[in-house]
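File shown: model-v3.cif (mmCIF, C-alpha atoms and all ligand atoms).
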data_entry
#
loop_
_atom_site.label_atom_id
_atom_site.label_comp_id
_atom_site.auth_asym_id
_atom_site.auth_seq_id
_atom_site.Cartn_x
_atom_site.Cartn_y
_atom_site.Cartn_z
CA MET H 17 13.15 14.57 17.78
CA GLU H 18 13.96 17.36 15.39
CA GLY H 19 12.56 17.21 11.89
CA LEU H 20 9.81 14.69 12.59
CA PRO H 21 6.09 15.34 12.10
CA THR H 22 3.70 15.37 15.04
CA ARG H 23 1.12 13.35 13.13
CA ILE H 24 1.11 11.03 10.13
CA GLN H 25 -1.57 9.39 8.01
CA LEU H 26 -1.38 5.62 7.62
CA VAL H 27 -2.72 3.78 4.59
CA GLU H 28 -3.36 0.17 5.58
CA VAL H 29 -2.64 -2.16 2.66
CA ALA H 30 -2.86 -5.66 4.16
CA PRO H 31 -6.26 -6.57 2.67
CA ARG H 32 -5.02 -5.94 -0.90
CA ASP H 33 -1.26 -5.58 -1.24
CA GLY H 34 -0.73 -7.99 1.63
CA LEU H 35 -3.21 -10.74 0.85
CA GLN H 36 -2.52 -10.88 -2.88
CA VAL H 37 0.67 -12.88 -2.37
CA GLU H 38 -0.68 -15.24 0.27
CA ALA H 39 -1.03 -18.89 -0.73
CA ARG H 40 -3.97 -19.65 1.55
CA ALA H 41 -7.16 -18.04 0.25
CA LEU H 42 -9.24 -16.29 2.87
CA ASP H 43 -13.00 -16.41 2.41
CA THR H 44 -15.03 -13.23 2.05
CA GLU H 45 -16.29 -13.40 5.64
CA THR H 46 -12.74 -13.51 6.99
CA LYS H 47 -11.76 -10.55 4.81
CA LEU H 48 -14.76 -8.60 6.14
CA ASP H 49 -13.61 -9.48 9.65
CA LEU H 50 -10.13 -8.15 8.79
CA LEU H 51 -11.59 -4.88 7.45
CA THR H 52 -13.69 -4.48 10.59
CA ARG H 53 -10.72 -5.10 12.85
CA LEU H 54 -8.58 -2.57 10.95
CA ALA H 55 -11.29 0.10 11.16
CA ASP H 56 -11.82 -0.71 14.85
CA ALA H 57 -8.11 -0.13 15.38
CA GLY H 58 -8.54 3.40 14.06
CA HIS H 59 -7.45 3.14 10.45
CA THR H 60 -9.11 5.74 8.24
CA VAL H 61 -7.72 4.57 4.88
CA ILE H 62 -7.86 0.84 4.17
CA GLU H 63 -6.96 -0.46 0.73
CA THR H 64 -9.68 -3.05 0.43
CA THR H 65 -9.21 -5.22 -2.63
CA SER H 66 -8.29 -5.23 -6.29
CA PHE H 67 -10.26 -5.44 -9.50
CA VAL H 68 -7.46 -7.12 -11.43
CA SER H 69 -8.24 -10.29 -13.34
CA PRO H 70 -9.36 -13.04 -10.93
CA LYS H 71 -7.06 -15.37 -12.88
CA ALA H 72 -4.03 -13.18 -12.17
CA VAL H 73 -4.77 -12.79 -8.45
CA PRO H 74 -7.21 -15.55 -7.33
CA GLN H 75 -7.00 -14.42 -3.68
CA LEU H 76 -8.90 -11.24 -4.58
CA ALA H 77 -11.40 -12.80 -6.99
CA ASP H 78 -14.28 -11.97 -4.61
CA ALA H 79 -13.84 -8.19 -4.99
CA GLU H 80 -17.49 -7.51 -5.94
CA ASP H 81 -18.89 -9.76 -3.21
CA LEU H 82 -16.59 -8.16 -0.65
CA LEU H 83 -17.56 -4.61 -1.58
CA ARG H 84 -21.26 -5.46 -1.65
CA ALA H 85 -21.09 -7.01 1.80
CA LEU H 86 -18.83 -4.35 3.32
CA LYS H 87 -20.55 -2.01 5.75
CA ARG H 88 -18.59 1.14 5.01
CA ARG H 89 -17.93 3.18 8.08
CA ALA H 90 -18.23 6.96 8.15
CA GLY H 91 -14.82 8.58 8.17
CA VAL H 92 -13.08 5.53 6.67
CA ARG H 93 -11.93 5.44 3.05
CA TYR H 94 -11.84 2.09 1.23
CA PRO H 95 -9.77 2.50 -1.95
CA VAL H 96 -9.53 -0.39 -4.42
CA LEU H 97 -6.93 -1.18 -7.06
CA VAL H 98 -8.10 -0.86 -10.66
CA PRO H 99 -5.83 -2.00 -13.53
CA ASN H 100 -7.86 -0.88 -16.56
CA GLU H 101 -11.26 0.32 -17.77
CA ARG H 102 -12.82 -3.11 -17.27
CA GLY H 103 -11.64 -3.08 -13.66
CA LEU H 104 -13.07 0.41 -13.26
CA GLU H 105 -16.45 -0.80 -14.58
CA ARG H 106 -16.46 -3.56 -12.01
CA ALA H 107 -15.48 -1.14 -9.23
CA LEU H 108 -18.13 1.40 -10.23
CA SER H 109 -20.77 -1.35 -10.31
CA VAL H 110 -20.35 -1.84 -6.56
CA GLY H 111 -20.14 1.85 -5.72
CA VAL H 112 -16.53 2.47 -4.74
CA ASP H 113 -15.53 6.08 -4.16
CA GLU H 114 -11.78 5.77 -4.41
CA ILE H 115 -9.50 3.84 -6.76
CA ALA H 116 -5.79 3.36 -7.26
CA VAL H 117 -3.93 2.72 -10.50
CA PHE H 118 -0.59 0.97 -10.54
CA ALA H 119 2.37 2.02 -12.70
CA SER H 120 6.06 1.24 -12.56
CA ALA H 121 8.97 3.67 -12.67
CA SER H 122 11.12 0.93 -14.17
CA GLU H 123 10.83 -0.73 -17.54
CA SER H 124 11.36 -4.39 -16.61
CA TYR H 125 8.92 -4.43 -13.72
CA SER H 126 6.32 -2.72 -15.89
CA HIS H 127 6.66 -5.56 -18.40
CA LYS H 128 6.57 -8.27 -15.72
CA ASN H 129 3.77 -6.80 -13.61
CA LEU H 130 1.68 -5.07 -16.27
CA ASN H 131 2.79 -6.73 -19.50
CA ARG H 132 3.36 -3.32 -21.05
CA SER H 133 6.13 -0.76 -21.32
CA ARG H 134 6.27 1.98 -18.72
CA ALA H 135 5.05 4.55 -21.23
CA ASP H 136 2.21 2.34 -22.50
CA ALA H 137 1.07 1.58 -18.96
CA LEU H 138 0.98 5.26 -18.04
CA ALA H 139 -0.80 6.16 -21.28
CA GLY H 140 -3.30 3.36 -20.68
CA TYR H 141 -4.30 4.85 -17.33
CA THR H 142 -5.22 8.22 -18.81
CA PRO H 143 -8.77 7.22 -19.87
CA VAL H 144 -9.24 5.19 -16.67
CA VAL H 145 -8.35 8.14 -14.45
CA ARG H 146 -10.38 10.56 -16.55
CA ARG H 147 -13.44 8.36 -16.23
CA ALA H 148 -12.88 7.90 -12.53
CA LYS H 149 -12.60 11.66 -12.04
CA ASP H 150 -15.76 12.18 -14.10
CA ALA H 151 -17.45 9.79 -11.66
CA ARG H 152 -16.05 11.94 -8.82
CA LEU H 153 -13.79 9.25 -7.46
CA ARG H 154 -10.60 10.02 -5.65
CA VAL H 155 -7.62 8.50 -7.49
CA ARG H 156 -4.30 7.36 -6.10
CA GLY H 157 -1.40 6.66 -8.42
CA TYR H 158 0.99 3.94 -7.33
CA LEU H 159 4.47 4.02 -8.74
CA SER H 160 6.68 1.03 -8.00
CA MET H 161 10.45 0.43 -8.11
CA VAL H 162 11.20 4.10 -7.41
CA ILE H 163 14.68 3.38 -6.00
CA ALA H 164 15.83 0.42 -8.07
CA ASP H 165 14.54 -2.50 -10.08
CA PRO H 166 15.91 -6.05 -9.61
CA TRP H 167 16.43 -6.40 -13.37
CA ASP H 168 17.20 -2.83 -14.48
CA GLY H 169 19.28 -1.59 -11.53
CA PRO H 170 18.92 1.89 -10.01
CA THR H 171 15.94 3.98 -11.11
CA ALA H 172 16.89 7.54 -12.10
CA ALA H 173 15.23 10.11 -9.84
CA ALA H 174 14.44 12.16 -12.95
CA THR H 175 12.42 9.23 -14.29
CA VAL H 176 10.44 9.02 -11.05
CA VAL H 177 9.77 12.77 -11.20
CA ASP H 178 8.61 12.44 -14.80
CA CYS H 179 6.26 9.54 -13.97
CA CYS H 180 4.87 11.46 -10.97
CA ARG H 181 4.16 14.48 -13.16
CA GLN H 182 2.37 12.28 -15.68
CA LEU H 183 0.21 10.69 -12.99
CA ILE H 184 -0.67 14.11 -11.55
CA ASP H 185 -1.35 15.57 -14.99
CA MET H 186 -3.77 12.76 -15.84
CA GLY H 187 -5.71 13.54 -12.67
CA CYS H 188 -4.30 11.47 -9.79
CA ASP H 189 -4.98 13.19 -6.47
CA ASP H 190 -2.27 11.38 -4.52
CA LEU H 191 0.79 9.31 -5.26
CA SER H 192 2.25 6.32 -3.47
CA LEU H 193 5.90 5.75 -4.29
CA GLY H 194 7.05 2.21 -3.71
CA ASP H 195 10.49 0.85 -3.00
CA THR H 196 8.94 -2.40 -4.17
CA SER H 197 12.05 -4.56 -3.91
CA GLY H 198 13.00 -2.98 -0.57
CA VAL H 199 16.63 -2.28 -1.51
CA GLY H 200 16.52 1.44 -0.75
CA THR H 201 18.44 3.14 2.03
CA ALA H 202 17.92 6.44 3.83
CA ALA H 203 20.31 8.45 1.66
CA GLU H 204 18.65 7.21 -1.52
CA VAL H 205 15.22 8.12 -0.19
CA ASP H 206 16.54 11.56 0.69
CA THR H 207 17.98 12.01 -2.79
CA LEU H 208 14.74 10.93 -4.43
CA LEU H 209 12.56 13.19 -2.30
CA THR H 210 14.88 16.13 -2.90
CA ALA H 211 14.54 15.55 -6.66
CA LEU H 212 10.75 15.35 -6.34
CA ALA H 213 10.62 18.64 -4.43
CA GLU H 214 12.88 20.29 -7.02
CA GLY H 215 10.69 18.82 -9.77
CA GLY H 216 7.64 20.53 -8.29
CA VAL H 217 5.87 17.42 -6.96
CA GLU H 218 4.10 18.61 -3.84
CA ARG H 219 5.05 16.55 -0.81
CA THR H 220 1.47 16.66 0.49
CA ARG H 221 0.47 14.50 -2.48
CA VAL H 222 3.16 11.92 -1.84
CA ALA H 223 2.95 8.78 0.30
CA MET H 224 5.88 6.42 0.66
CA HIS H 225 5.50 2.66 0.42
CA PHE H 226 8.45 0.75 1.83
CA HIS H 227 9.30 -2.92 1.90
CA ASP H 228 11.46 -4.44 4.60
CA THR H 229 13.50 -6.86 2.46
CA TYR H 230 16.80 -5.56 3.85
CA GLY H 231 15.45 -4.30 7.18
CA GLN H 232 15.55 -0.69 5.96
CA ALA H 233 11.86 0.18 5.92
CA LEU H 234 11.68 2.16 9.16
CA THR H 235 14.96 3.94 8.54
CA ASN H 236 13.56 4.95 5.18
CA VAL H 237 10.36 6.17 6.86
CA LEU H 238 12.46 8.43 9.09
CA ALA H 239 14.39 9.75 6.09
CA ALA H 240 11.10 10.49 4.31
CA MET H 241 9.60 12.16 7.40
CA ARG H 242 12.60 14.46 7.50
CA ARG H 243 11.79 15.47 3.92
CA GLY H 244 8.26 16.38 4.94
CA ILE H 245 6.40 13.21 3.96
CA THR H 246 3.51 12.48 6.32
CA THR H 247 1.61 9.63 4.63
CA PHE H 248 2.90 6.07 4.78
CA ASP H 249 1.59 2.77 3.51
CA ALA H 250 1.90 -0.16 5.91
CA SER H 251 0.55 -3.69 6.16
CA THR H 252 -0.60 -5.35 9.36
CA GLY H 253 1.67 -8.30 10.07
CA GLY H 254 4.06 -7.08 7.37
CA ILE H 255 2.37 -9.33 4.81
CA GLY H 256 2.79 -8.71 1.11
CA GLY H 257 5.57 -8.74 -1.40
CA SER H 258 5.00 -8.82 -5.08
CA PRO H 259 3.54 -11.74 -7.01
CA PHE H 260 5.76 -10.69 -9.92
CA ALA H 261 9.01 -10.12 -8.03
CA ARG H 262 9.47 -13.02 -5.65
CA MET H 263 12.62 -11.58 -4.16
CA ALA H 264 10.69 -8.66 -2.71
CA GLY H 265 10.29 -8.88 1.05
CA GLY H 266 7.19 -7.99 3.00
CA ASN H 267 5.62 -4.59 3.27
CA LEU H 268 6.55 -2.39 6.18
CA ALA H 269 4.50 -3.79 9.07
CA THR H 270 1.86 -1.49 10.50
CA GLU H 271 2.71 -2.50 14.06
CA ASP H 272 6.41 -1.77 13.51
CA LEU H 273 5.58 1.70 12.23
CA LEU H 274 3.21 2.22 15.17
CA TRP H 275 5.96 1.20 17.60
CA LEU H 276 8.24 3.84 16.08
CA CYS H 277 5.49 6.46 16.23
CA ARG H 278 4.47 5.68 19.80
CA GLY H 279 8.04 5.95 21.03
CA SER H 280 8.67 9.10 19.03
CA GLY H 281 5.53 11.04 19.93
CA ILE H 282 4.03 10.89 16.44
CA ALA H 283 0.24 10.58 16.43
CA THR H 284 -1.39 8.12 14.01
CA GLY H 285 -4.89 7.60 15.39
CA VAL H 286 -4.28 3.85 15.16
CA ASP H 287 -4.19 1.65 18.24
CA LEU H 288 -1.05 -0.48 18.49
CA ASP H 289 -2.55 -3.16 20.74
CA ARG H 290 -5.50 -3.72 18.43
CA ILE H 291 -3.22 -4.01 15.41
CA VAL H 292 -1.00 -6.50 17.23
CA GLU H 293 -4.05 -8.54 18.16
CA THR H 294 -5.22 -8.43 14.54
CA SER H 295 -1.75 -9.42 13.36
CA HIS H 296 -1.78 -12.51 15.61
CA TRP H 297 -5.27 -13.41 14.41
CA LEU H 298 -4.25 -12.90 10.77
CA GLY H 299 -1.21 -15.15 11.19
CA GLU H 300 -3.53 -17.90 12.42
CA GLU H 301 -5.88 -17.39 9.49
CA LEU H 302 -2.98 -17.52 7.03
CA ALA H 303 -1.39 -20.44 8.91
CA HIS H 304 2.12 -19.03 9.10
CA GLU H 305 4.14 -16.67 11.19
CA LEU H 306 3.98 -13.12 9.87
CA PRO H 307 7.16 -11.08 9.45
CA ALA H 308 6.30 -8.11 11.71
CA HIS H 309 8.83 -7.63 14.50
CA THR H 310 6.56 -5.89 16.97
CA ALA H 311 3.76 -8.47 16.94
CA ARG H 312 6.30 -11.22 17.61
CA ALA H 313 8.07 -9.25 20.35
CA LEU H 314 4.85 -8.49 22.20
CA ARG H 315 3.56 -12.05 21.82
CA ASP H 316 6.75 -13.61 23.14
CA ARG H 317 6.75 -11.24 26.09
CA ALA H 318 3.20 -12.20 27.05
CA PRO H 319 2.80 -14.41 30.12
CA GLU H 320 2.12 -18.08 29.56
CA ARG H 321 -1.45 -19.17 29.99
MG MG I 1 3.84 -3.35 -1.27
#
Step by step, read the file and then write its structure as structure tokens.
Amino acid sequence: MEGLPTRIQLVEVAPRDGLQVEARALDTETKLDLLTRLADAGHTVIETTSFVSPKAVPQLADAEDLLRALKRRAGVRYPVLVPNERGLERALSVGVDEIAVFASASESYSHKNLNRSRADALAGYTPVVRRAKDARLRVRGYLSMVIADPWDGPTAAATVVDCCRQLIDMGCDDLSLGDTSGVGTAAEVDTLLTALAEGGVERTRVAMHFHDTYGQALTNVLAAMRRGITTFDASTGGIGGSPFARMAGGNLATEDLLWLCRGSGIATGVDLDRIVETSHWLGEELAHELPAHTARALRDRAPER
């Protein structure tokens, strides 16, 4: 199909962005099992956990234990979320080599998620990123609510461009732009990515992070691919929303993205069957049905035993 890449890079976010909203806490062993399964499936970038306050996100309170126990595999990157300098200290103490910081393009979500204004949050990351770069870590800058914010309404593309420039200027290597509430549509994604290109934000630095609240995630992926984006965040099972925006639907499911890619001749290096198997297993561990379409479709088609 014209305008589509031949290969994309997936960033698997289920162990962090996915699990953080789950009610049932998984123990460290089960999380290690999840990380092993995701690497076995062929993932090369797996967002592993978060060094936010254990009080804010109890599900990820075992971040140090998890990282200490994790047998890191050659060729696989294990980024972790770091909210501030204290989080960076904790991450450095267990030898991470890649972090992500988390800003918002909208004012209200910044206050709700980070308890600070957008400008203060971005300014607060400057010393964190500088220190991380001094320690030779790779740094990803997340930016959420890039299409619209449930409280503020549409996010101006110029604001997103400005935030992206700030994140790059402070030293972020890559950006992940999130339609965190999942309201975006293909035309809006196209408009945003056009503005980013015109604003000088290199597309090779940009990943897109879609949520499937309105069933638009894959359509938005296609729109982004046609604007030259080749890195996409996805979550096995489609788990994840936002603990601070309950109306947000799940993340784009890894298996749904893989189904699109397999049918469209786009290489990912990730094995669909293994992800589907992991999705079924994860649903049992979390004790509820996960939102991914493809895992459900393939399960229901399976012969009865
Ligand atoms: Mg997400």
Which polymer residues, protein or nucleic acid, are no farther than 7 Å from (11.0, 2.7, -13.0), counting all atoms listed in the file, as a VMD selection string? chain H and resid 120 to 123 160 to 162 165 171 175 to 176
At a cut-off of 7 Å, can you tabulate as CSV every residue of chain H near ligand MG 1 (chain I) together with its closest atom pair and the distance in Å to one decimal, using all atoms listed in the file and ordering rows by chain then number?
residue,atom,partner,partner_atom,distance
H:Asp33,CA,I:MG1,MG,5.6
H:Gly194,CA,I:MG1,MG,6.9
H:Thr196,CA,I:MG1,MG,5.9
H:His225,CA,I:MG1,MG,6.5
H:Phe226,CA,I:MG1,MG,6.9
H:His227,CA,I:MG1,MG,6.3
H:Gly256,CA,I:MG1,MG,6.0
H:Gly257,CA,I:MG1,MG,5.7
H:Ser258,CA,I:MG1,MG,6.8
H:Asn267,CA,I:MG1,MG,5.0
Hey, what's within 8 Å of Met224 (chain H) if we count all atoms listed in the file and toss same-chain stuff fewer than 2 positions away? As an NGL selection string, please? :H and (192-194 or 222 or 226 or 237 or 240 or 245 or 247-249)
Nearest to Leu130 (chain H) among H:Pro99, H:Pro70, H:Gly215, H:Gly299, with distances taken over only C-alpha atoms: which residue is it?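 Going through H:Pro99, H:Pro70, H:Gly215, H:Gly299 one by one, the smallest distance to Leu130 (chain H) is for H:Pro99.
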Around (13.3, 10.9, -10.7), as given in the file, which residues come within 12 Å? Count only C-alpha atoms and list them as a ChimeraX atom specification. /H:121-122,159,161-164,170-181,193,204-217
